[in-house]
Amino acid sequence: MSNPIYLALDVPRLDAAEALARKVKGHVGGLKLGLEFFCAHGHHGVHELAKVGLPIFLDLKLHDIPNTVAAAMQAIHVLEPAIVTIHAAGGRAMMEDAKAAAGEHTKVVAVTLLTSLDETDMAATGVGGSAHDQVMRLADLAHQSGLDGIVCSGHEVGAVHKQWKDGFFVVPGLRPAGGAMGDQKRAVTPRQARDAGASVLVIGRPISRAEDPVAAARAIEATL
């Protein structure tokens, strides 16, 4: 794709989300709509944002029994999303059924490990080993299940790309060089993630909360 930046529209109001999308549409490659947006605005909200004219990434992180996830995939066919997320932890049968039920032009990617979790959280749920090992394990399972790719952090995308050459990799949690790091200790820049093999760069607050979102989007785009 020419512009790998997908703007995360974590905006509660539909009119504000649409206004921001229209403002920066020349400097991003797509729009990412998450669970909060979908629960608040449903199919109608997605249809409205689709009018902006950019590909839609539905970040729904579906995770249920295979039949339910497949039915949910069929229910969003009409929205024609470019990308949809499911949870790799749902297992092989769920991932296979999700991919089989997805639209012909929809990429199905699996979330490996939420960025809010660390080894302590993993151990509490009975998962041993490092976060990196868990991501690699689930990436391999997603590949075997016939998915298009995975969601992972910028710290794992290089290693995953080495073992899955033609995979489609979505990387969130990016911070532009020189930008506010917040609580990120080892933030990866969009350019670093792209160079490591990221297919899609999900960027939210550095653009949406910038004083000048257009200038912020343009500046990030110029680094790629």
# chains A, B, ... in the order shown; residues from 1 in each chain; ligands from 1
>>> residues_around(residues="stretch 58-60 of chain A", least_positions_apart="5", cutoff="6 Å", atoms="only C-alpha atoms", output="VMD selection string")
chain A and resid 33 to 35 84 to 85
>>> residues_around(residues="A:Phe168", least_positions_apart="2", cutoff="12 Å", atoms="only C-alpha atoms", output="count of residues only")
34
>>> atom_distance(atom1="atom CA of A:Gly158", atom2="atom CA of A:Arg191")
12.7 Å
>>> select_by_dssp(residues="stretch 66-189 of chain A", states="alpha helix (DSSP H)", output="PyMOL selection string")
chain A and resi 66-75+92-101+119-124+131-144+157-163
>>> write_last_selection(atoms="N, CA and C atoms", output="tab-separated table (two decimals), in the first residue's frame")
chain	number	residue	atom	x	y	z
A	66	PRO	N	-15.92	-21.06	17.53
A	66	PRO	CA	-15.77	-20.88	16.08
A	66	PRO	C	-17.05	-20.48	15.36
A	67	ASN	N	-18.16	-21.12	15.67
A	67	ASN	CA	-19.42	-20.83	14.98
A	67	ASN	C	-19.87	-19.39	15.20
A	68	THR	N	-19.71	-18.89	16.41
A	68	THR	CA	-20.12	-17.52	16.72
A	68	THR	C	-19.26	-16.50	16.01
A	69	VAL	N	-17.95	-16.74	15.99
A	69	VAL	CA	-17.04	-15.81	15.31
A	69	VAL	C	-17.30	-15.81	13.81
A	70	ALA	N	-17.55	-16.99	13.25
A	70	ALA	CA	-17.87	-17.06	11.82
A	70	ALA	C	-19.14	-16.30	11.50
A	71	ALA	N	-20.16	-16.43	12.36
A	71	ALA	CA	-21.42	-15.72	12.15
A	71	ALA	C	-21.22	-14.21	12.26
A	72	ALA	N	-20.36	-13.79	13.20
A	72	ALA	CA	-20.08	-12.36	13.35
A	72	ALA	C	-19.38	-11.82	12.11
A	73	MET	N	-18.46	-12.61	11.57
A	73	MET	CA	-17.76	-12.22	10.34
A	73	MET	C	-18.75	-12.03	9.19
A	74	GLN	N	-19.70	-12.96	9.08
A	74	GLN	CA	-20.69	-12.86	8.01
A	74	GLN	C	-21.58	-11.63	8.21
A	75	ALA	N	-21.81	-11.27	9.46
A	75	ALA	CA	-22.68	-10.12	9.76
A	75	ALA	C	-22.04	-8.79	9.37
A	92	ARG	N	-7.02	-22.60	16.72
A	92	ARG	CA	-6.94	-22.83	15.29
A	92	ARG	C	-8.30	-22.93	14.61
A	93	ALA	N	-9.21	-23.70	15.19
A	93	ALA	CA	-10.53	-23.88	14.56
A	93	ALA	C	-11.25	-22.54	14.43
A	94	MET	N	-11.17	-21.72	15.47
A	94	MET	CA	-11.83	-20.41	15.42
A	94	MET	C	-11.21	-19.55	14.32
A	95	MET	N	-9.88	-19.55	14.24
A	95	MET	CA	-9.21	-18.73	13.23
A	95	MET	C	-9.52	-19.22	11.82
A	96	GLU	N	-9.53	-20.52	11.62
A	96	GLU	CA	-9.85	-21.06	10.29
A	96	GLU	C	-11.27	-20.70	9.88
A	97	ASP	N	-12.21	-20.82	10.81
A	97	ASP	CA	-13.61	-20.51	10.50
A	97	ASP	C	-13.80	-19.01	10.25
A	98	ALA	N	-13.06	-18.19	10.99
A	98	ALA	CA	-13.15	-16.74	10.81
A	98	ALA	C	-12.68	-16.35	9.41
A	99	LYS	N	-11.58	-16.92	8.99
A	99	LYS	CA	-11.04	-16.61	7.67
A	99	LYS	C	-11.98	-17.11	6.57
A	100	ALA	N	-12.52	-18.30	6.75
A	100	ALA	CA	-13.43	-18.87	5.76
A	100	ALA	C	-14.70	-18.03	5.61
A	101	ALA	N	-15.13	-17.41	6.71
A	101	ALA	CA	-16.38	-16.64	6.70
A	101	ALA	C	-16.18	-15.19	6.28
A	119	GLU	N	4.57	-10.39	31.42
A	119	GLU	CA	4.78	-11.77	31.85
A	119	GLU	C	4.03	-12.12	33.14
A	120	THR	N	3.89	-11.13	34.03
A	120	THR	CA	3.17	-11.37	35.28
A	120	THR	C	1.70	-11.67	34.99
A	121	ASP	N	1.10	-10.89	34.08
A	121	ASP	CA	-0.29	-11.13	33.70
A	121	ASP	C	-0.44	-12.48	33.00
A	122	MET	N	0.53	-12.80	32.13
A	122	MET	CA	0.49	-14.08	31.44
A	122	MET	C	0.52	-15.24	32.43
A	123	ALA	N	1.43	-15.16	33.42
A	123	ALA	CA	1.56	-16.22	34.41
A	123	ALA	C	0.27	-16.40	35.20
A	124	ALA	N	-0.41	-15.28	35.48
A	124	ALA	CA	-1.66	-15.33	36.24
A	124	ALA	C	-2.75	-16.08	35.48
A	131	ALA	N	6.88	-12.77	26.93
A	131	ALA	CA	5.89	-12.18	26.03
A	131	ALA	C	6.31	-12.41	24.58
A	132	HIS	N	7.60	-12.27	24.31
A	132	HIS	CA	8.11	-12.47	22.94
A	132	HIS	C	7.83	-13.89	22.47
A	133	ASP	N	8.09	-14.88	23.33
A	133	ASP	CA	7.84	-16.28	22.97
A	133	ASP	C	6.36	-16.53	22.68
A	134	GLN	N	5.49	-15.91	23.47
A	134	GLN	CA	4.06	-16.09	23.28
A	134	GLN	C	3.61	-15.49	21.95
A	135	VAL	N	4.14	-14.33	21.61
A	135	VAL	CA	3.80	-13.70	20.33
A	135	VAL	C	4.25	-14.59	19.18
A	136	MET	N	5.46	-15.13	19.26
A	136	MET	CA	5.99	-15.98	18.19
A	136	MET	C	5.15	-17.26	18.06
A	137	ARG	N	4.76	-17.81	19.20
A	137	ARG	CA	3.96	-19.04	19.20
A	137	ARG	C	2.61	-18.80	18.54
A	138	LEU	N	1.95	-17.70	18.92
A	138	LEU	CA	0.63	-17.41	18.36
A	138	LEU	C	0.70	-16.96	16.90
A	139	ALA	N	1.80	-16.30	16.53
A	139	ALA	CA	1.99	-15.92	15.12
A	139	ALA	C	2.09	-17.18	14.26
A	140	ASP	N	2.81	-18.16	14.76
A	140	ASP	CA	2.96	-19.42	14.02
A	140	ASP	C	1.60	-20.13	13.89
A	141	LEU	N	0.81	-20.11	14.95
A	141	LEU	CA	-0.52	-20.74	14.91
A	141	LEU	C	-1.43	-20.01	13.93
A	142	ALA	N	-1.36	-18.67	13.91
A	142	ALA	CA	-2.17	-17.88	12.98
A	142	ALA	C	-1.78	-18.20	11.54
A	143	HIS	N	-0.50	-18.34	11.31
A	143	HIS	CA	0.00	-18.68	9.97
A	143	HIS	C	-0.52	-20.05	9.53
A	144	GLN	N	-0.41	-21.03	10.43
A	144	GLN	CA	-0.90	-22.38	10.14
A	144	GLN	C	-2.41	-22.40	9.89
A	157	VAL	N	7.79	-7.36	15.56
A	157	VAL	CA	7.45	-7.47	14.14
A	157	VAL	C	8.64	-7.94	13.29
A	158	GLY	N	9.84	-7.55	13.65
A	158	GLY	CA	11.01	-7.98	12.88
A	158	GLY	C	11.20	-9.48	12.93
A	159	ALA	N	11.09	-10.05	14.13
A	159	ALA	CA	11.26	-11.50	14.31
A	159	ALA	C	10.15	-12.27	13.61
A	160	VAL	N	8.92	-11.77	13.72
A	160	VAL	CA	7.79	-12.45	13.07
A	160	VAL	C	7.94	-12.39	11.56
A	161	HIS	N	8.37	-11.25	11.05
A	161	HIS	CA	8.55	-11.08	9.61
A	161	HIS	C	9.57	-12.06	9.05
A	162	LYS	N	10.60	-12.37	9.85
A	162	LYS	CA	11.64	-13.32	9.40
A	162	LYS	C	11.06	-14.71	9.20
A	163	GLN	N	10.11	-15.10	10.07
A	163	GLN	CA	9.58	-16.47	9.96
A	163	GLN	C	8.31	-16.52	9.08
>>> residues_around(residues="A:Glu18", least_positions_apart="2", cutoff="10 Å", atoms="only C-alpha atoms", output="list in words")
Leu9, Val11, Arg13, Leu14, Asp15, Ala16, Leu20, Ala21, Arg22, Lys23, Gly45, Glu48, Leu49, Ala50, Lys51 and Val52 of chain A
>>> select_by_dssp(residues="stretch 93-215 of chain A", states="strand (DSSP E or B)", output="ChimeraX atom specification")
/A:107-111,149-151,168-171,174,188,200-203
>>> write_last_selection(atoms="N, CA, C and O atoms", output="short mmCIF file (atom, residue, chain, number, x, y, z; two decimals), in the first residue's frame")
data_model
loop_
_atom_site.label_atom_id
_atom_site.label_comp_id
_atom_site.auth_asym_id
_atom_site.auth_seq_id
_atom_site.Cartn_x
_atom_site.Cartn_y
_atom_site.Cartn_z
N LYS A 107 -8.82 -8.72 4.90
CA LYS A 107 -7.69 -9.38 5.55
C LYS A 107 -8.06 -9.67 7.00
O LYS A 107 -8.51 -8.77 7.71
N VAL A 108 -7.87 -10.91 7.42
CA VAL A 108 -8.15 -11.29 8.81
C VAL A 108 -6.81 -11.44 9.53
O VAL A 108 -5.96 -12.24 9.12
N VAL A 109 -6.63 -10.63 10.56
CA VAL A 109 -5.36 -10.66 11.30
C VAL A 109 -5.63 -10.97 12.77
O VAL A 109 -6.66 -10.55 13.33
N ALA A 110 -4.72 -11.70 13.38
CA ALA A 110 -4.92 -12.16 14.76
C ALA A 110 -4.11 -11.33 15.74
O ALA A 110 -2.91 -11.11 15.55
N VAL A 111 -4.77 -10.90 16.80
CA VAL A 111 -4.09 -10.23 17.91
C VAL A 111 -3.34 -11.31 18.69
O VAL A 111 -3.92 -12.32 19.09
N GLY A 149 -2.37 -12.41 8.60
CA GLY A 149 -1.28 -11.86 9.39
C GLY A 149 -1.66 -11.73 10.84
O GLY A 149 -2.62 -12.35 11.31
N ILE A 150 -0.90 -10.89 11.56
CA ILE A 150 -1.12 -10.71 12.99
C ILE A 150 -1.00 -9.24 13.38
O ILE A 150 -0.52 -8.41 12.60
N VAL A 151 -1.42 -8.96 14.60
CA VAL A 151 -1.15 -7.68 15.25
C VAL A 151 -0.08 -7.94 16.30
O VAL A 151 -0.20 -8.88 17.09
N PHE A 168 1.03 -10.27 6.78
CA PHE A 168 0.52 -8.89 6.84
C PHE A 168 0.54 -8.50 8.31
O PHE A 168 -0.17 -9.08 9.13
N PHE A 169 1.37 -7.52 8.64
CA PHE A 169 1.62 -7.22 10.05
C PHE A 169 1.14 -5.82 10.44
O PHE A 169 1.57 -4.82 9.86
N VAL A 170 0.25 -5.78 11.43
CA VAL A 170 -0.32 -4.55 11.94
C VAL A 170 0.40 -4.20 13.25
O VAL A 170 0.43 -5.01 14.17
N VAL A 171 0.96 -3.00 13.31
CA VAL A 171 1.70 -2.58 14.51
C VAL A 171 1.08 -1.31 15.11
O VAL A 171 1.07 -0.26 14.48
N LEU A 174 2.67 3.19 18.40
CA LEU A 174 3.85 3.86 17.85
C LEU A 174 3.93 5.30 18.33
O LEU A 174 2.92 5.93 18.60
N VAL A 188 8.69 2.61 19.80
CA VAL A 188 9.21 2.41 18.44
C VAL A 188 8.59 3.47 17.54
O VAL A 188 7.40 3.78 17.66
N VAL A 200 1.00 -2.28 8.25
CA VAL A 200 0.11 -1.21 8.65
C VAL A 200 0.61 -0.60 9.96
O VAL A 200 0.98 -1.34 10.89
N LEU A 201 0.64 0.71 10.02
CA LEU A 201 1.04 1.44 11.22
C LEU A 201 -0.20 2.10 11.81
O LEU A 201 -0.79 2.98 11.18
N VAL A 202 -0.62 1.65 12.99
CA VAL A 202 -1.81 2.23 13.62
C VAL A 202 -1.36 3.39 14.51
O VAL A 202 -0.59 3.20 15.45
N ILE A 203 -1.84 4.58 14.21
CA ILE A 203 -1.45 5.78 14.95
C ILE A 203 -2.70 6.55 15.34
O ILE A 203 -3.54 6.86 14.48
#
>>> closest_residue(among="A:Ala89, A:Pro206, A:Pro172, A:Asp10", to="A:Ala40", atoms="only C-alpha atoms")
A:Asp10
>>> atom_distance(atom1="atom CA of A:His27", atom2="atom CA of A:Ile220")
8.8 Å
>>> atom_distance(atom1="atom CA of A:Val46", atom2="atom CA of A:Lys61")
16.1 Å
>>> residues_around(residues="A:Gly90", least_positions_apart="3", cutoff="7 Å", atoms="only C-alpha atoms", output="list in words")
His63, Asp64, His87 and Met94 of chain A
>>> write_last_selection(atoms="all heavy atoms", output="PDB file, in the first residue's frame")
ATOM      1  N   HIS A  63     -13.480 -12.987  19.618  1.00  0.00           N
ATOM      2  CA  HIS A  63     -12.951 -14.127  20.384  1.00  0.00           C
ATOM      3  C   HIS A  63     -14.130 -14.857  21.023  1.00  0.00           C
ATOM      4  O   HIS A  63     -14.707 -14.398  21.997  1.00  0.00           O
ATOM      5  CB  HIS A  63     -11.994 -13.608  21.465  1.00  0.00           C
ATOM      6  CG  HIS A  63     -11.250 -14.687  22.197  1.00  0.00           C
ATOM      7  ND1 HIS A  63     -10.301 -14.413  23.148  1.00  0.00           N
ATOM      8  CD2 HIS A  63     -11.305 -16.032  22.098  1.00  0.00           C
ATOM      9  CE1 HIS A  63      -9.797 -15.547  23.621  1.00  0.00           C
ATOM     10  NE2 HIS A  63     -10.402 -16.539  23.005  1.00  0.00           N
ATOM     11  N   ASP A  64     -14.486 -16.004  20.414  1.00  0.00           N
ATOM     12  CA  ASP A  64     -15.622 -16.780  20.906  1.00  0.00           C
ATOM     13  C   ASP A  64     -15.505 -18.170  20.297  1.00  0.00           C
ATOM     14  O   ASP A  64     -14.491 -18.495  19.662  1.00  0.00           O
ATOM     15  CB  ASP A  64     -16.938 -16.090  20.509  1.00  0.00           C
ATOM     16  CG  ASP A  64     -18.050 -16.316  21.537  1.00  0.00           C
ATOM     17  OD1 ASP A  64     -18.269 -17.495  21.907  1.00  0.00           O
ATOM     18  OD2 ASP A  64     -18.684 -15.340  21.958  1.00  0.00           O
ATOM     19  N   HIS A  87      -8.855 -12.770  17.910  1.00  0.00           N
ATOM     20  CA  HIS A  87      -7.828 -13.132  18.895  1.00  0.00           C
ATOM     21  C   HIS A  87      -7.221 -14.485  18.546  1.00  0.00           C
ATOM     22  O   HIS A  87      -7.930 -15.482  18.429  1.00  0.00           O
ATOM     23  CB  HIS A  87      -8.426 -13.206  20.305  1.00  0.00           C
ATOM     24  CG  HIS A  87      -8.262 -11.945  21.100  1.00  0.00           C
ATOM     25  ND1 HIS A  87      -7.036 -11.532  21.570  1.00  0.00           N
ATOM     26  CD2 HIS A  87      -9.158 -11.009  21.492  1.00  0.00           C
ATOM     27  CE1 HIS A  87      -7.183 -10.393  22.231  1.00  0.00           C
ATOM     28  NE2 HIS A  87      -8.465 -10.040  22.191  1.00  0.00           N
ATOM     29  N   MET A  94     -11.167 -21.718  15.471  1.00  0.00           N
ATOM     30  CA  MET A  94     -11.828 -20.414  15.417  1.00  0.00           C
ATOM     31  C   MET A  94     -11.208 -19.549  14.321  1.00  0.00           C
ATOM     32  O   MET A  94     -11.918 -18.880  13.558  1.00  0.00           O
ATOM     33  CB  MET A  94     -11.721 -19.706  16.771  1.00  0.00           C
ATOM     34  CG  MET A  94     -12.554 -18.434  16.869  1.00  0.00           C
ATOM     35  SD  MET A  94     -11.949 -17.260  18.118  1.00  0.00           S
ATOM     36  CE  MET A  94     -10.618 -16.442  17.190  1.00  0.00           C
TER      37      MET A  94
END
>>> closest_residue(among="A:Glu104, A:Ile86, A:Leu113, A:Gln192", to="A:Leu62", atoms="only C-alpha atoms")
A:Ile86
>>> closest_residue(among="A:Pro81, A:Ala19, A:Leu31, A:His105", to="A:His43", atoms="only C-alpha atoms")
A:Pro81
>>> residues_around(residues="A:Val24", least_positions_apart="6", cutoff="10 Å", atoms="only C-alpha atoms", output="JSON, numbers by chain")
{"A": [7, 207, 208, 212, 213, 214, 215, 216, 217, 218]}
>>> write_last_selection(atoms="C-alpha atoms", output="tab-separated table (two decimals), in the first residue's frame")
chain	number	residue	atom	x	y	z
A	7	LEU	CA	-5.61	6.59	11.87
A	207	ILE	CA	-2.39	12.73	15.24
A	208	SER	CA	-5.86	12.99	16.80
A	212	ASP	CA	-2.67	20.56	14.15
A	213	PRO	CA	-3.66	17.00	13.16
A	214	VAL	CA	-2.93	17.63	9.47
A	215	ALA	CA	0.61	18.84	10.20
A	216	ALA	CA	1.17	15.89	12.56
A	217	ALA	CA	-0.04	13.35	9.99
A	218	ARG	CA	2.02	14.99	7.26
>>> decode(residues="stretch 96-122 of chain A", atoms="N, CA and C atoms", output="PDB file, in the first residue's frame")
ATOM      1  N   GLU A  96      -9.531 -20.521  11.620  1.00  0.00           N
ATOM      2  CA  GLU A  96      -9.850 -21.065  10.293  1.00  0.00           C
ATOM      3  C   GLU A  96     -11.272 -20.695   9.876  1.00  0.00           C
ATOM      4  N   ASP A  97     -12.213 -20.822  10.812  1.00  0.00           N
ATOM      5  CA  ASP A  97     -13.609 -20.507  10.496  1.00  0.00           C
ATOM      6  C   ASP A  97     -13.795 -19.009  10.249  1.00  0.00           C
ATOM      7  N   ALA A  98     -13.062 -18.187  10.991  1.00  0.00           N
ATOM      8  CA  ALA A  98     -13.152 -16.737  10.806  1.00  0.00           C
ATOM      9  C   ALA A  98     -12.682 -16.355   9.412  1.00  0.00           C
ATOM     10  N   LYS A  99     -11.579 -16.920   8.990  1.00  0.00           N
ATOM     11  CA  LYS A  99     -11.038 -16.608   7.671  1.00  0.00           C
ATOM     12  C   LYS A  99     -11.978 -17.111   6.575  1.00  0.00           C
ATOM     13  N   ALA A 100     -12.521 -18.301   6.754  1.00  0.00           N
ATOM     14  CA  ALA A 100     -13.435 -18.870   5.758  1.00  0.00           C
ATOM     15  C   ALA A 100     -14.702 -18.031   5.614  1.00  0.00           C
ATOM     16  N   ALA A 101     -15.130 -17.406   6.711  1.00  0.00           N
ATOM     17  CA  ALA A 101     -16.378 -16.637   6.698  1.00  0.00           C
ATOM     18  C   ALA A 101     -16.178 -15.189   6.278  1.00  0.00           C
ATOM     19  N   ALA A 102     -14.928 -14.737   6.232  1.00  0.00           N
ATOM     20  CA  ALA A 102     -14.661 -13.332   5.918  1.00  0.00           C
ATOM     21  C   ALA A 102     -14.903 -13.037   4.443  1.00  0.00           C
ATOM     22  N   GLY A 103     -15.126 -11.766   4.153  1.00  0.00           N
ATOM     23  CA  GLY A 103     -15.306 -11.345   2.778  1.00  0.00           C
ATOM     24  C   GLY A 103     -14.043 -11.581   1.961  1.00  0.00           C
ATOM     25  N   GLU A 104     -14.217 -11.706   0.672  1.00  0.00           N
ATOM     26  CA  GLU A 104     -13.107 -12.031  -0.229  1.00  0.00           C
ATOM     27  C   GLU A 104     -11.969 -11.023  -0.156  1.00  0.00           C
ATOM     28  N   HIS A 105     -12.291  -9.758   0.063  1.00  0.00           N
ATOM     29  CA  HIS A 105     -11.273  -8.709   0.055  1.00  0.00           C
ATOM     30  C   HIS A 105     -10.907  -8.223   1.460  1.00  0.00           C
ATOM     31  N   THR A 106     -11.300  -9.004   2.469  1.00  0.00           N
ATOM     32  CA  THR A 106     -11.006  -8.630   3.857  1.00  0.00           C
ATOM     33  C   THR A 106      -9.815  -9.419   4.377  1.00  0.00           C
ATOM     34  N   LYS A 107      -8.819  -8.717   4.904  1.00  0.00           N
ATOM     35  CA  LYS A 107      -7.691  -9.384   5.545  1.00  0.00           C
ATOM     36  C   LYS A 107      -8.065  -9.667   7.000  1.00  0.00           C
ATOM     37  N   VAL A 108      -7.874 -10.910   7.421  1.00  0.00           N
ATOM     38  CA  VAL A 108      -8.149 -11.293   8.805  1.00  0.00           C
ATOM     39  C   VAL A 108      -6.813 -11.438   9.526  1.00  0.00           C
ATOM     40  N   VAL A 109      -6.628 -10.634  10.561  1.00  0.00           N
ATOM     41  CA  VAL A 109      -5.360 -10.664  11.300  1.00  0.00           C
ATOM     42  C   VAL A 109      -5.634 -10.970  12.769  1.00  0.00           C
ATOM     43  N   ALA A 110      -4.720 -11.703  13.380  1.00  0.00           N
ATOM     44  CA  ALA A 110      -4.916 -12.155  14.758  1.00  0.00           C
ATOM     45  C   ALA A 110      -4.107 -11.329  15.743  1.00  0.00           C
ATOM     46  N   VAL A 111      -4.771 -10.901  16.804  1.00  0.00           N
ATOM     47  CA  VAL A 111      -4.087 -10.230  17.909  1.00  0.00           C
ATOM     48  C   VAL A 111      -3.338 -11.308  18.691  1.00  0.00           C
ATOM     49  N   THR A 112      -2.051 -11.088  18.889  1.00  0.00           N
ATOM     50  CA  THR A 112      -1.231 -12.092  19.586  1.00  0.00           C
ATOM     51  C   THR A 112      -1.285 -11.874  21.093  1.00  0.00           C
ATOM     52  N   LEU A 113      -0.750 -10.738  21.554  1.00  0.00           N
ATOM     53  CA  LEU A 113      -0.738 -10.440  22.980  1.00  0.00           C
ATOM     54  C   LEU A 113      -1.041  -8.956  23.157  1.00  0.00           C
ATOM     55  N   LEU A 114      -2.066  -8.649  23.937  1.00  0.00           N
ATOM     56  CA  LEU A 114      -2.419  -7.258  24.161  1.00  0.00           C
ATOM     57  C   LEU A 114      -1.233  -6.511  24.781  1.00  0.00           C
ATOM     58  N   THR A 115      -1.033  -5.274  24.336  1.00  0.00           N
ATOM     59  CA  THR A 115       0.112  -4.505  24.833  1.00  0.00           C
ATOM     60  C   THR A 115      -0.049  -4.139  26.307  1.00  0.00           C
ATOM     61  N   SER A 116      -1.235  -4.345  26.862  1.00  0.00           N
ATOM     62  CA  SER A 116      -1.465  -4.059  28.283  1.00  0.00           C
ATOM     63  C   SER A 116      -0.999  -5.202  29.182  1.00  0.00           C
ATOM     64  N   LEU A 117      -0.601  -6.327  28.580  1.00  0.00           N
ATOM     65  CA  LEU A 117      -0.208  -7.506  29.359  1.00  0.00           C
ATOM     66  C   LEU A 117       1.304  -7.686  29.377  1.00  0.00           C
ATOM     67  N   ASP A 118       1.811  -8.155  30.520  1.00  0.00           N
ATOM     68  CA  ASP A 118       3.227  -8.511  30.604  1.00  0.00           C
ATOM     69  C   ASP A 118       3.347  -9.946  31.123  1.00  0.00           C
ATOM     70  N   GLU A 119       4.565 -10.387  31.417  1.00  0.00           N
ATOM     71  CA  GLU A 119       4.785 -11.766  31.845  1.00  0.00           C
ATOM     72  C   GLU A 119       4.032 -12.116  33.138  1.00  0.00           C
ATOM     73  N   THR A 120       3.891 -11.128  34.030  1.00  0.00           N
ATOM     74  CA  THR A 120       3.165 -11.368  35.284  1.00  0.00           C
ATOM     75  C   THR A 120       1.696 -11.671  34.990  1.00  0.00           C
ATOM     76  N   ASP A 121       1.103 -10.894  34.078  1.00  0.00           N
ATOM     77  CA  ASP A 121      -0.290 -11.130  33.699  1.00  0.00           C
ATOM     78  C   ASP A 121      -0.440 -12.478  33.000  1.00  0.00           C
ATOM     79  N   MET A 122       0.531 -12.796  32.133  1.00  0.00           N
ATOM     80  CA  MET A 122       0.487 -14.084  31.439  1.00  0.00           C
ATOM     81  C   MET A 122       0.520 -15.236  32.426  1.00  0.00           C
TER      82      MET A 122
END
